[in-house]
Each structure stands twice: as structure tokens, then as C-alpha cells.
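Visitor: See coords-v3.txt below, with compact mmCIF, C-alpha atoms.
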# COMPACT_ATOMS: atom_id res chain seq x y z
CA MET A 583 0.70 7.74 -1.96
CA LYS A 584 2.30 9.88 0.71
CA ALA A 585 5.16 12.18 -0.28
CA TRP A 586 7.90 13.19 2.16
CA HIS A 587 10.29 16.11 1.65
CA PHE A 588 13.84 15.07 2.51
CA SER A 589 17.16 16.89 2.65
CA GLU A 590 20.46 15.43 3.78
CA ASN A 591 21.59 18.89 5.00
CA ALA A 592 24.66 18.72 2.77
CA TYR A 593 27.56 21.15 3.06
CA PRO A 594 28.71 21.68 -0.55
CA TYR A 595 31.35 24.40 -0.13
CA LEU A 596 34.34 22.11 -0.52
CA PRO A 597 37.73 22.24 -2.26
CA PRO A 598 38.16 20.46 -5.60
CA ALA A 599 37.64 16.71 -5.22
CA ASP A 600 41.16 15.92 -6.45
CA GLU A 601 42.49 17.63 -3.31
CA TYR A 602 41.09 15.03 -0.89
CA PRO A 603 40.76 11.21 -1.00
CA SER A 604 37.27 10.89 0.52
CA ILE A 605 34.29 13.13 1.18
CA ARG A 606 33.40 10.86 4.12
CA VAL A 607 35.27 9.97 7.32
CA SER A 608 38.60 11.64 6.64
CA LEU A 609 37.83 15.05 5.06
CA PRO A 610 39.28 17.59 7.55
CA ASN A 611 36.63 19.73 9.20
CA ARG A 612 38.73 22.85 8.65
CA HIS A 613 36.78 23.04 5.38
CA TYR A 614 33.56 23.66 7.34
CA ASP A 615 32.59 27.30 7.87
CA PRO A 616 30.23 27.49 10.89
CA GLU A 617 28.65 30.73 9.66
CA LYS A 618 27.73 29.17 6.32
CA GLY A 619 26.62 26.06 8.18
CA ALA A 620 24.28 28.04 10.43
CA ALA A 621 22.66 29.67 7.40
CA LEU A 622 22.17 26.24 5.83
CA TYR A 623 20.42 24.89 8.92
CA ASP A 624 18.05 27.86 8.85
CA ARG A 625 17.13 27.36 5.20
CA PHE A 626 16.71 23.58 5.52
CA LEU A 627 14.29 24.06 8.41
CA ASP A 628 12.41 26.67 6.38
CA GLU A 629 12.16 24.27 3.43
CA TRP A 630 10.74 21.47 5.57
CA LEU A 631 8.08 23.85 6.86
CA ILE A 632 7.26 25.04 3.33
CA ALA A 633 6.80 21.41 2.32
CA GLU A 634 4.41 21.00 5.26
CA ASP A 635 2.46 24.08 4.14
CA GLU A 636 2.14 22.45 0.71
CA GLY A 637 0.63 19.30 2.18
CA MET A 638 3.73 17.07 2.24
CA GLU A 639 5.20 15.12 5.13
CA ILE A 640 8.71 15.62 6.57
CA MET A 641 11.66 13.24 6.53
CA LEU A 642 15.21 13.58 7.86
CA ASN A 643 18.15 11.29 8.47
CA GLU A 644 21.52 11.16 10.18
CA HIS A 645 25.11 10.59 9.08
CA HIS A 646 28.51 11.12 10.66
CA GLN A 647 31.84 12.64 9.63
CA THR A 648 30.72 13.60 6.14
CA ALA A 649 29.93 16.74 4.16
CA THR A 650 27.12 14.90 2.37
CA CYS A 651 24.91 15.09 5.48
CA VAL A 652 25.77 17.54 8.23
CA ASP A 653 23.12 16.20 10.59
CA PRO A 654 25.03 13.99 13.03
CA ALA A 655 22.25 14.19 15.64
CA ALA A 656 18.94 13.83 13.82
CA PRO A 657 16.90 13.61 17.06
CA LEU A 658 17.89 17.23 17.80
CA VAL A 659 16.61 18.47 14.43
CA LEU A 660 13.57 16.23 14.80
CA ALA A 661 12.77 17.84 18.15
CA ALA A 662 13.02 21.30 16.59
CA LEU A 663 10.68 20.26 13.79
CA ALA A 664 8.27 18.70 16.29
CA ARG A 665 7.83 22.15 17.82
CA LEU A 666 7.98 24.24 14.64
CA SER A 667 5.66 22.10 12.50
CA LYS A 668 1.95 21.63 13.15
CA LYS A 669 0.48 18.83 11.06
CA ALA A 670 3.08 16.92 9.02
CA ARG A 671 4.12 13.42 9.98
CA LEU A 672 7.79 13.44 11.08
CA LEU A 673 9.88 10.56 9.78
CA ILE A 674 13.39 9.98 11.07
CA LEU A 675 15.08 7.41 8.85
CA GLY A 676 16.82 6.91 10.90
CA ASN A 677 18.52 6.13 14.11
CA PRO A 678 21.65 4.02 13.33
CA ILE A 679 21.10 1.75 16.30
CA ALA A 680 23.76 -0.82 15.42
CA ASN A 681 26.30 1.95 16.07
CA ARG A 682 24.65 3.30 19.22
CA ARG A 683 25.84 2.26 22.65
CA GLN A 684 22.59 3.11 24.49
CA PRO A 685 19.37 1.97 22.77
CA VAL A 686 17.34 2.92 25.85
CA ARG A 687 18.45 6.53 25.32
CA VAL A 688 17.13 6.23 21.75
CA ALA A 689 13.79 4.98 23.11
CA GLU A 690 13.65 7.97 25.48
CA GLU A 691 14.49 10.48 22.75
CA MET A 692 11.87 9.13 20.36
CA ALA A 693 9.19 8.98 23.06
CA MET A 694 9.92 12.60 23.92
CA VAL A 695 9.63 13.68 20.26
CA ASP A 696 6.38 11.74 19.94
CA VAL A 697 4.94 13.62 22.92
CA LEU A 698 6.34 16.97 21.79
CA SER A 699 4.74 16.52 18.34
CA ARG A 700 1.51 15.14 19.85
CA GLY A 701 1.81 11.82 18.10
CA ARG A 702 3.27 12.70 14.69
CA LEU A 703 6.47 10.65 14.91
CA GLU A 704 7.36 7.89 12.44
CA ALA A 705 10.34 6.12 14.03
CA GLY A 706 12.82 4.74 11.52
CA PHE A 707 15.84 2.60 12.34
CA VAL A 708 18.86 1.66 10.26
CA ARG A 709 21.89 -0.50 10.70
CA GLY A 710 24.25 2.30 9.65
CA VAL A 711 26.10 2.77 6.37
CA PRO A 712 29.49 1.09 5.88
CA TYR A 713 31.36 4.41 5.84
CA GLU A 714 30.50 4.93 9.50
CA VAL A 715 31.78 1.64 10.87
CA LEU A 716 35.23 3.12 11.46
CA PRO A 717 34.06 6.40 13.09
CA ALA A 718 31.70 4.46 15.36
CA ASN A 719 34.41 1.94 16.27
CA SER A 720 31.88 -0.80 15.45
CA ASN A 721 32.36 -4.46 14.58
CA PRO A 722 30.88 -4.78 11.06
CA VAL A 723 30.51 -8.56 11.39
CA ARG A 724 27.82 -8.40 14.10
CA MET A 725 25.93 -5.23 13.12
CA ASN A 726 22.77 -7.01 11.96
CA GLU A 727 22.40 -8.94 15.22
CA ARG A 728 23.16 -5.81 17.20
CA GLU A 729 20.51 -3.81 15.30
CA TRP A 730 17.73 -6.32 15.96
CA GLU A 731 18.56 -6.70 19.66
CA ALA A 732 18.59 -2.92 20.03
CA LEU A 733 15.24 -2.59 18.25
CA ASP A 734 13.58 -5.28 20.38
CA LEU A 735 14.85 -3.52 23.51
CA ILE A 736 13.53 -0.14 22.30
CA ILE A 737 10.08 -1.61 21.60
CA LYS A 738 10.00 -3.25 25.02
CA ALA A 739 11.01 0.04 26.64
CA TRP A 740 8.17 1.79 24.79
CA THR A 741 5.53 -0.78 25.72
CA THR A 742 6.37 -1.63 29.35
CA HIS A 743 4.41 0.57 31.76
CA ASP A 744 4.46 -1.28 35.08
CA GLY A 745 7.88 -0.39 36.38
CA PRO A 746 11.49 -1.33 35.61
CA PHE A 747 12.56 -4.43 33.73
CA SER A 748 16.06 -5.74 33.26
CA HIS A 749 17.73 -6.72 29.99
CA GLU A 750 20.67 -9.08 29.66
CA GLY A 751 21.37 -9.61 25.98
CA ARG A 752 24.32 -10.42 23.78
CA PHE A 753 25.21 -6.77 23.19
CA PHE A 754 23.29 -4.70 25.75
CA HIS A 755 22.87 -4.95 29.51
CA TYR A 756 20.49 -2.91 31.67
CA ARG A 757 19.51 -3.43 35.29
CA ALA A 758 16.46 -1.11 35.28
CA VAL A 759 14.56 0.19 32.23
CA ASN A 760 11.56 2.43 32.92
CA ILE A 761 11.48 5.31 30.45
CA TRP A 762 9.82 8.67 31.05
CA PRO A 763 7.99 10.06 29.13
CA ARG A 764 6.19 7.23 27.42
CA CYS A 765 5.03 7.46 23.82
CA TYR A 766 2.05 9.59 22.80
CA GLN A 767 1.04 6.99 20.18
CA GLN A 768 0.07 3.62 21.62
CA PRO A 769 1.43 1.04 21.77
CA HIS A 770 4.26 2.94 20.03
CA PRO A 771 4.97 5.07 16.93
CA PRO A 772 5.01 3.37 13.51
CA ILE A 773 8.35 1.65 12.90
CA TRP A 774 10.28 1.91 9.65
CA ILE A 775 13.40 -0.02 8.67
CA SER A 776 15.67 0.88 5.76
CA THR A 777 17.53 -1.93 4.02
CA THR A 778 18.97 -2.39 0.55
CA SER A 779 19.25 -6.18 0.58
CA PRO A 780 16.59 -8.86 -0.07
CA GLY A 781 17.72 -10.80 3.01
CA GLY A 782 17.17 -7.82 5.26
CA ALA A 783 13.85 -7.00 3.59
CA ALA A 784 12.50 -10.52 4.24
CA HIS A 785 13.21 -10.04 7.94
CA VAL A 786 11.49 -6.64 7.94
CA GLY A 787 8.47 -8.15 6.17
CA ALA A 788 8.21 -10.92 8.74
CA ARG A 789 8.06 -8.28 11.47
CA GLY A 790 5.53 -6.17 9.56
CA PHE A 791 7.46 -2.91 9.80
CA VAL A 792 7.48 -0.35 6.99
CA GLN A 793 10.23 -1.20 4.49
CA ALA A 794 12.15 1.68 2.90
CA THR A 795 14.85 1.43 0.30
CA PHE A 796 17.06 4.18 -1.06
CA LEU A 797 18.24 4.66 -4.67
CA THR A 798 18.08 0.94 -5.53
CA GLY A 799 16.55 1.41 -8.98
CA PHE A 800 14.35 -0.92 -10.99
CA ASP A 801 15.60 -4.45 -10.39
CA GLY A 802 17.18 -3.82 -7.01
CA THR A 803 13.95 -2.41 -5.62
CA ARG A 804 11.86 -5.19 -7.12
CA ALA A 805 14.07 -7.83 -5.47
CA ILE A 806 13.83 -6.05 -2.12
CA TYR A 807 10.04 -5.66 -2.29
CA ASP A 808 9.56 -9.27 -3.40
CA ALA A 809 11.65 -10.46 -0.45
CA TYR A 810 9.60 -8.27 1.88
CA ARG A 811 6.36 -9.74 0.51
CA ARG A 812 7.76 -13.25 0.95
CA GLY A 813 8.69 -12.54 4.57
CA TRP A 814 5.27 -10.98 5.14
CA ARG A 815 3.42 -14.03 3.75
CA GLU A 816 5.60 -16.60 5.49
CA ALA A 817 4.93 -14.86 8.82
CA GLY A 818 1.21 -15.42 8.29
CA ARG A 819 0.32 -11.80 7.60
CA GLY A 820 -1.74 -12.61 4.50
CA GLN A 821 -1.04 -12.82 0.80
CA ASP A 822 -1.19 -9.12 -0.06
CA VAL A 823 1.03 -6.35 1.29
CA PRO A 824 -0.64 -2.93 1.69
CA ALA A 825 1.17 -0.23 -0.26
CA HIS A 826 1.72 1.82 2.91
CA ARG A 827 4.20 -0.82 4.13
CA LEU A 828 6.63 -0.03 1.26
CA ALA A 829 8.61 3.16 0.63
CA TYR A 830 11.03 4.26 -2.05
CA ALA A 831 13.54 7.11 -1.83
CA ALA A 832 14.72 8.90 -4.96
CA MET A 833 16.03 12.24 -6.10
CA VAL A 834 13.08 14.23 -7.45
CA TYR A 835 12.95 17.59 -9.17
CA THR A 836 10.02 18.90 -11.14
CA ALA A 837 9.45 22.37 -12.55
CA PRO A 838 6.92 23.96 -14.92
CA ASN A 839 9.28 23.73 -17.91
CA GLU A 840 11.98 21.32 -19.03
CA ALA A 841 14.83 23.84 -18.85
CA ASP A 842 14.26 24.68 -15.19
CA ALA A 843 13.65 21.02 -14.34
CA ARG A 844 16.90 19.99 -16.01
CA ALA A 845 18.86 22.72 -14.22
CA GLY A 846 17.50 21.62 -10.86
CA ALA A 847 18.15 17.96 -11.56
CA GLU A 848 21.76 18.68 -12.50
CA LYS A 849 22.28 20.33 -9.13
CA LEU A 850 20.60 17.45 -7.27
CA LEU A 851 23.04 15.09 -8.94
CA TRP A 852 25.77 16.55 -6.71
CA TYR A 853 24.77 13.90 -4.19
CA ILE A 854 26.12 11.20 -6.53
CA THR A 855 28.95 12.96 -8.33
CA SER A 856 30.48 14.29 -5.10
CA ASN A 857 30.30 10.96 -3.26
CA LYS A 858 33.99 10.14 -3.48
CA VAL A 859 34.79 7.27 -1.11
CA PRO A 860 37.68 4.74 -1.20
CA PRO A 861 36.84 1.01 -1.12
CA HIS A 862 38.08 0.39 2.42
CA PHE A 863 35.43 2.81 3.73
CA ALA A 864 32.70 1.64 1.33
CA ASN A 865 32.96 -2.10 2.04
CA PRO A 866 34.66 -2.86 5.35
CA PRO A 867 35.35 -6.57 5.97
CA GLY A 868 32.28 -8.31 7.37
CA TYR A 869 29.76 -5.57 6.58
CA VAL A 870 28.09 -7.69 3.89
CA PRO A 871 27.89 -11.51 4.07
CA VAL A 872 30.81 -13.49 2.69
CA GLN A 873 28.62 -15.00 -0.05
CA ALA A 874 27.63 -11.51 -1.22
CA ASN A 875 31.26 -10.43 -1.54
CA VAL A 876 32.07 -13.66 -3.37
CA ALA A 877 29.20 -13.04 -5.76
CA MET A 878 30.43 -9.50 -6.44
CA LEU A 879 33.94 -10.79 -7.11
CA ARG A 880 32.37 -13.14 -9.66
CA GLY A 881 30.61 -10.30 -11.41
CA ALA A 882 27.36 -9.79 -9.53
CA GLU A 883 26.25 -6.19 -9.15
CA HIS A 884 26.50 -4.39 -5.84
CA PRO A 885 23.05 -3.67 -4.31
CA LEU A 886 23.67 0.03 -4.92
CA SER A 887 25.06 -0.40 -8.44
CA ALA A 888 22.28 1.76 -9.89
CA PHE A 889 23.48 4.56 -7.59
CA ARG A 890 27.10 4.14 -8.63
CA LYS A 891 26.44 4.14 -12.38
CA SER A 892 24.26 7.23 -12.50
CA ALA A 893 26.56 10.18 -13.03
CA SER A 894 24.22 11.96 -15.49
CA VAL A 895 20.60 13.06 -15.27
CA GLU A 896 19.66 10.72 -18.12
CA GLY A 897 21.50 7.82 -16.51
CA ALA A 898 19.90 8.46 -13.13
CA ILE A 899 16.41 8.61 -14.65
CA GLU A 900 17.01 5.45 -16.66
CA ALA A 901 18.26 3.67 -13.55
CA GLY A 902 15.15 4.67 -11.62
CA ILE A 903 16.95 6.65 -8.93
CA MET A 904 15.89 10.08 -10.16
CA PHE A 905 12.58 11.48 -11.38
CA ALA A 906 13.09 14.80 -13.14
CA GLY A 907 11.22 16.96 -15.63
CA THR A 908 7.83 18.57 -15.97
CA PRO A 909 5.03 17.14 -13.82
CA ASP A 910 3.80 14.97 -16.71
CA GLN A 911 7.29 13.65 -17.38
CA VAL A 912 7.91 12.87 -13.72
CA TYR A 913 4.55 11.11 -13.48
CA ARG A 914 5.45 8.81 -16.37
CA GLN A 915 8.88 8.07 -14.89
CA MET A 916 7.38 7.27 -11.51
CA LYS A 917 4.63 5.09 -12.96
CA ARG A 918 7.20 3.04 -14.85
CA LEU A 919 9.08 2.25 -11.63
CA TYR A 920 5.87 1.79 -9.63
CA ASP A 921 4.54 -0.82 -12.05
CA HIS A 922 7.90 -2.57 -12.35
CA VAL A 923 8.33 -3.10 -8.60
CA GLY A 924 4.72 -3.98 -7.86
CA GLY A 925 3.72 -0.74 -6.18
CA PHE A 926 4.61 1.24 -3.05
CA GLY A 927 2.84 3.73 -0.83
CA HIS A 928 5.50 6.27 0.20
CA LEU A 929 7.72 8.43 -2.00
CA LEU A 930 10.69 9.78 -0.05
CA ILE A 931 11.83 12.80 -2.04
CA MET A 932 15.40 13.98 -1.91
CA GLY A 933 14.39 17.43 -3.10
CA GLN A 934 17.55 19.30 -2.14
CA ALA A 935 21.23 18.52 -2.50
CA GLY A 936 24.49 20.28 -3.25
CA PHE A 937 24.15 23.70 -4.81
CA LEU A 938 20.39 23.61 -5.37
CA GLU A 939 19.61 26.98 -3.79
CA HIS A 940 16.62 27.88 -1.66
CA ASP A 941 14.43 29.43 -4.39
CA ASP A 942 15.00 26.50 -6.73
CA THR A 943 14.31 24.01 -3.93
CA VAL A 944 11.04 25.77 -3.11
CA LEU A 945 10.08 25.80 -6.80
CA GLY A 946 10.59 22.02 -6.89
CA ILE A 947 8.55 21.49 -3.71
CA ARG A 948 5.66 23.65 -4.85
CA THR A 949 5.53 22.33 -8.41
CA PHE A 950 5.46 18.77 -7.14
CA ALA A 951 2.92 19.46 -4.42
CA ARG A 952 0.51 21.49 -6.54
CA GLU A 953 0.76 19.91 -9.98
CA LEU A 954 1.75 16.27 -9.42
CA TYR A 955 1.01 15.18 -5.86
CA PRO A 956 -2.80 15.28 -6.17
CA ARG A 957 -2.58 12.95 -9.17
CA LEU A 958 -0.32 10.52 -7.35
CA LYS A 959 -2.62 10.39 -4.31
CA GLU A 960 -5.61 9.68 -6.53
CA GLU A 961 -4.03 7.07 -8.81
CA PHE A 962 -1.74 5.35 -6.29
CA PRO A 963 -3.53 5.32 -2.92
CA ASP A 964 -1.38 4.17 -0.03
CA THR A 965 -4.16 1.79 0.99
CA ALA A 966 -3.80 -0.19 -2.26
CA LEU A 967 -2.48 -3.74 -2.27
CA THR A 968 0.85 -4.43 -3.94
CA GLY A 969 2.16 -7.45 -5.77
CA LEU A 970 3.25 -9.10 -8.97
CA SER A 971 0.04 -8.35 -10.84
CA LEU A 972 1.02 -4.70 -11.31
CA ARG A 973 4.06 -5.51 -13.38
CA GLY A 974 2.49 -6.98 -16.47
CA ALA A 975 4.19 -9.68 -18.48
I need this file expressed as C-alpha cells, please.
Guide:
Amino acid sequence: MKAWHFSENAYPYLPPADEYPSIRVSLPNRHYDPEKGAALYDRFLDEWLIAEDEGMEIMLNEHHQTATCVDPAAPLVLAALARLSKKARLLILGNPIANRRQPVRVAEEMAMVDVLSRGRLEAGFVRGVPYEVLPANSNPVRMNEREWEALDLIIKAWTTHDGPFSHEGRFFHYRAVNIWPRCYQQPHPPIWISTTSPGGAAHVGARGFVQATFLTGFDGTRAIYDAYRRGWREAGRGQDVPAHRLAYAAMVYTAPNEADARAGAEKLLWYITSNKVPPHFANPPGYVPVQANVAMLRGAEHPLSAFRKSASVEGAIEAGIMFAGTPDQVYRQMKRLYDHVGGFGHLLIMGQAGFLEHDDTVLGIRTFARELYPRLKEEFPDTALTGLSLRGA
């Protein structure tokens, strides 16, 4: 199993939540202090590099118009990390290409980072969360189709080396595509896709990309992984899916004793308890299929229901979206989820959020890396095969 240190670069210094209707989209940026923000960027970069020193990989993402993730241009931070780091794989998860107007620019940026890092890029792509449909002025009804056309165009831009080609698609039109530089890794960097729905996962499995899912808990993750495996098999890729094609993101905090681990986990939980968003931002019309909204109206759970129900450390652990405690406790929590979902090869660790300060974040990184990570790599190799047999009866 590979472990990736991840921070959303949150800005937690906000007024009381009852003084604003939403932490996303509409929270006035007068609440942002650039001096505090600059200090946060410095410490987040330092923490990624400490994780690298401890043998972990690096992950970052991108969001817009929100205090929960003050990284609206992840390729810029990725480029800085490509130069500052030396050995860690660099995962961006990811570029919200359904909201981007120029996918060829994305292809250029990622090729440049791949060269700058000498081939350490892992290129992740996402549709974009529902909260950002309004800021991006996007049409939520066609975002899936737009994402896949953009991705196909990016791959073609990466792999065409004999001069310009033209592209006339449904959403994008280019007369001459001929990117410089081209990728360091050939034919292109590994591709990751993040989705929290079984339908999306089946499509990702058919394409053979790495499937990542974020805070979907026990049953949600199992449904997503099963759909991925089905898409993988139906595309003729074989019966078994290697563990390194599946990734799970969770909040993780481990410390040498239960008291320190609990204190850190409580601070990590800021990511959930602060996520105040009104329904019209969270589920814009057309973002999910009509049948999914109908099912939810009839009582079906939202794909991220585990996320929404977990306002306590105990609740988050029970839901499978947080692993917290001593190294032995976290191992048992992880193994329970691992066996339930049929296995996975990447653990994406949200190891910093809210008011978890630098020293506590570093304690969590080092405790995990030194006391738990070697055990996970030995017992859950990312070359293993995944499937139903791991779950038991």
C-alpha cells in the first residue's frame, strides 16, 4: 500500500458559523488575512516535504471560492513541489476539467510539471464538486460528457508527437494542438479519476485508470469498487483488479497515545463540522442524474451520506471516513474497511485540517510513517489482487 500525505490548505480563521450562510461560494473574502494565508502556505509546503522525508508520497487538490481549500490553482503548488521535492510521487487530484475552458492548457501544465519533476507526476482529473458549478458558470447537466471529452483531448495532446492535430468536438474546438514540452513519462503520466458514484466508477474501470474515492465509507466505497471491477472485467481487462488501481481517501490521525490521537482527530474533524453549505449549492439541478434525485427523495442515501452523518470522532470512525488512535488502533480500523471493500492499494491521508497546528500535524505524519506504514506495506502490498474474496461471508 502506498500512503499519500494530503492537505486541503484550509483557512480556518473564520467568524462564527451562524454569521454566514455558507462556507463555500458566498463567504466574503474580507475574512481572509493574506499575512496569515502566506504563513499557512509556507507550513503546508513544509509538511508535504516532511512527509516525503518520512517515505510518504504527496497529494494535493484544488477548490474554488471556499475557505475549506485555499488552493484555487493546484498546478502552481504542484510546480513548486516538483522543484522542492526530490523523490516523492506527486499526485494532483485533481484538475476539475469539466469546469475548465482550455483542456489543452491543462495538458501543457501537466507535461511541464512532469518534466520539472523528472517523471514523478500522477495526473488526476475530476468533474468538479457541485458547489463550484455556479462560480465556474458551468452547465451541470453536461459535466460528465464535458469531462470525458476534455480527458480524451488531453491524452491525445500528450501522445501526439508528429505535429499539430485539430479537434472539433461537442464542447471544445482547436485548430492546431502541438504541445511543448511533451511528457517526461511515456506515453503519459499515470491517470487517476475521482468519482463517488458506481456509474462513474464503472466507466473509470473500463478505461483502466486509477479509481479514487473520498470519504464514502463502508458500503459506499464497496459499491464504487465493485462497479469499477465490473467495468474492468467487461472491458476485457481480466477478472482481477490489481490493488494499485484503487485508492481511498480518509481523515487519518495517529499518535503514540490515545489522548494525543483523540485531540488531533477532533481538530481534523473541522473539515466536516465547518462544511456549512445550503442545498442549492450542494445539489444544483442536473448535477446528479434524475433517477438518483428521485431515489433520494424516496429515501435512498446520498453517495456522501457517511460524510454528512459523521460529526463526531466516534461517528466518523464507525462510518469508515476517519482512522484515528494509536498505530494498533488505526491498523485495526483500516483493516476492517480494507476487508469490507475488497482491498485497495492507495491510502490518501487527509492528515491536516482546520486548527491542527504544525507540530501536531508533523507528529501525526511521523507516527504513521514510522510505526504503521511499514506494516501496511508488508500486509497490504499494492501489487495484490482485489475482489470479493477478501470480504468473508
Visitor: So how many Å separate atom CA of A:Val944 and atom CA of A:Glu639, to one decimal?
Guide: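 Separation between atom CA of A:Val944 and atom CA of A:Glu639: 14.7 Å.
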Visitor: Return the single residue from A:Phe747, A:Tyr920, A:Trp630, A:Trp762 that is closest to A:Met583, with distances computed using all atoms listed in the file.
Guide: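 Comparing A:Phe747, A:Tyr920, A:Trp630, A:Trp762 against A:Met583, the winner is A:Tyr920.
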Visitor: List as a PyMOL selection string: which residues have an atom within 12 Å of (12.3, 21.3, -14.1), counting all atoms listed in the file?
Guide: chain A and resi 834-850+895+905-912+933+942-950
Visitor: Can you pull out the residues contacting A:Glu731? Cut-off 10 Å, using all atoms listed in the file, and skip same-chain residues under 6 positions away; I want them as a list of chain:residue names.
Guide: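 The filter keeps A:Ile679, A:Ala680, A:Pro685, A:Met725, A:Gly751, A:Arg752, A:Phe753, A:Phe754.
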Visitor: How would the residues just chosen look if you wrote them out with C-alpha atoms as a PDB file, in the frame of the given file?
Guide:
ATOM      1  CA  ILE A 679      21.100   1.750  16.300  1.00  0.00           C
ATOM      2  CA  ALA A 680      23.760  -0.820  15.420  1.00  0.00           C
ATOM      3  CA  PRO A 685      19.370   1.970  22.770  1.00  0.00           C
ATOM      4  CA  MET A 725      25.930  -5.230  13.120  1.00  0.00           C
ATOM      5  CA  GLY A 751      21.370  -9.610  25.980  1.00  0.00           C
ATOM      6  CA  ARG A 752      24.320 -10.420  23.780  1.00  0.00           C
ATOM      7  CA  PHE A 753      25.210  -6.770  23.190  1.00  0.00           C
ATOM      8  CA  PHE A 754      23.290  -4.700  25.750  1.00  0.00           C
TER       9      PHE A 754
END
Visitor: Excluding A:Arg700 and any residue of its chain fewer than 4 positions from it, enumerate the residues within 10 Å of it, using all atoms listed in the file, and give them as a compact mmCIF listing (two decimals) with C-alpha atoms, keeping the file's coordinate frame.
Guide:
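Result saved to part.txt:
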# COMPACT_ATOMS: atom_id res chain seq x y z
CA ALA A 664 8.27 18.70 16.29
CA ARG A 665 7.83 22.15 17.82
CA LYS A 668 1.95 21.63 13.15
CA LYS A 669 0.48 18.83 11.06
CA MET A 694 9.92 12.60 23.92
CA VAL A 695 9.63 13.68 20.26
CA ASP A 696 6.38 11.74 19.94
CA CYS A 765 5.03 7.46 23.82
CA TYR A 766 2.05 9.59 22.80
CA GLN A 767 1.04 6.99 20.18
Visitor: What lies within 9 Å of A:Trp586 using all atoms listed in the file, ignoring chain neighbours under 6 positions off, as a list in words?
Guide: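 Close residues of A:Trp586: Ala633, Met638, Glu639, Ile640, Met641, Arg671, Leu672, Leu673, His928, Leu929, Leu930, Ile931 and Met932 of chain A.
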Visitor: Nearest to A:Ala825: which of A:Val923, A:Ala893, A:Ala705, A:Ala966 is it, counting all atoms listed in the file?
Guide: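 Once distances to A:Ala825 are computed over all atoms listed in the file, the minimum belongs to A:Ala966.
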Visitor: To one decimal place, how far is atom CA of A:Phe796 from atom CA of A:Ala832 in Å?
Guide: 6.6 Å
Visitor: Give me the residues within 12 Å of stretch 871-876 of chain A as a tab-separated table (two decimals) with C-alpha atoms, keeping the file's coordinate frame, counting all atoms listed in the file and dropping any in the same chain fewer than 2 places off.
Guide:
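out_3.tsv, written as the output of this step:
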chain	number	residue	atom	x	y	z
A	722	PRO	CA	30.88	-4.78	11.06
A	723	VAL	CA	30.51	-8.56	11.39
A	724	ARG	CA	27.82	-8.40	14.10
A	725	MET	CA	25.93	-5.23	13.12
A	726	ASN	CA	22.77	-7.01	11.96
A	779	SER	CA	19.25	-6.18	0.58
A	780	PRO	CA	16.59	-8.86	-0.07
A	781	GLY	CA	17.72	-10.80	3.01
A	782	GLY	CA	17.17	-7.82	5.26
A	865	ASN	CA	32.96	-2.10	2.04
A	866	PRO	CA	34.66	-2.86	5.35
A	867	PRO	CA	35.35	-6.57	5.97
A	868	GLY	CA	32.28	-8.31	7.37
A	869	TYR	CA	29.76	-5.57	6.58
A	878	MET	CA	30.43	-9.50	-6.44
A	879	LEU	CA	33.94	-10.79	-7.11
A	880	ARG	CA	32.37	-13.14	-9.66
A	881	GLY	CA	30.61	-10.30	-11.41
A	882	ALA	CA	27.36	-9.79	-9.53
A	883	GLU	CA	26.25	-6.19	-9.15
A	884	HIS	CA	26.50	-4.39	-5.84
A	885	PRO	CA	23.05	-3.67	-4.31
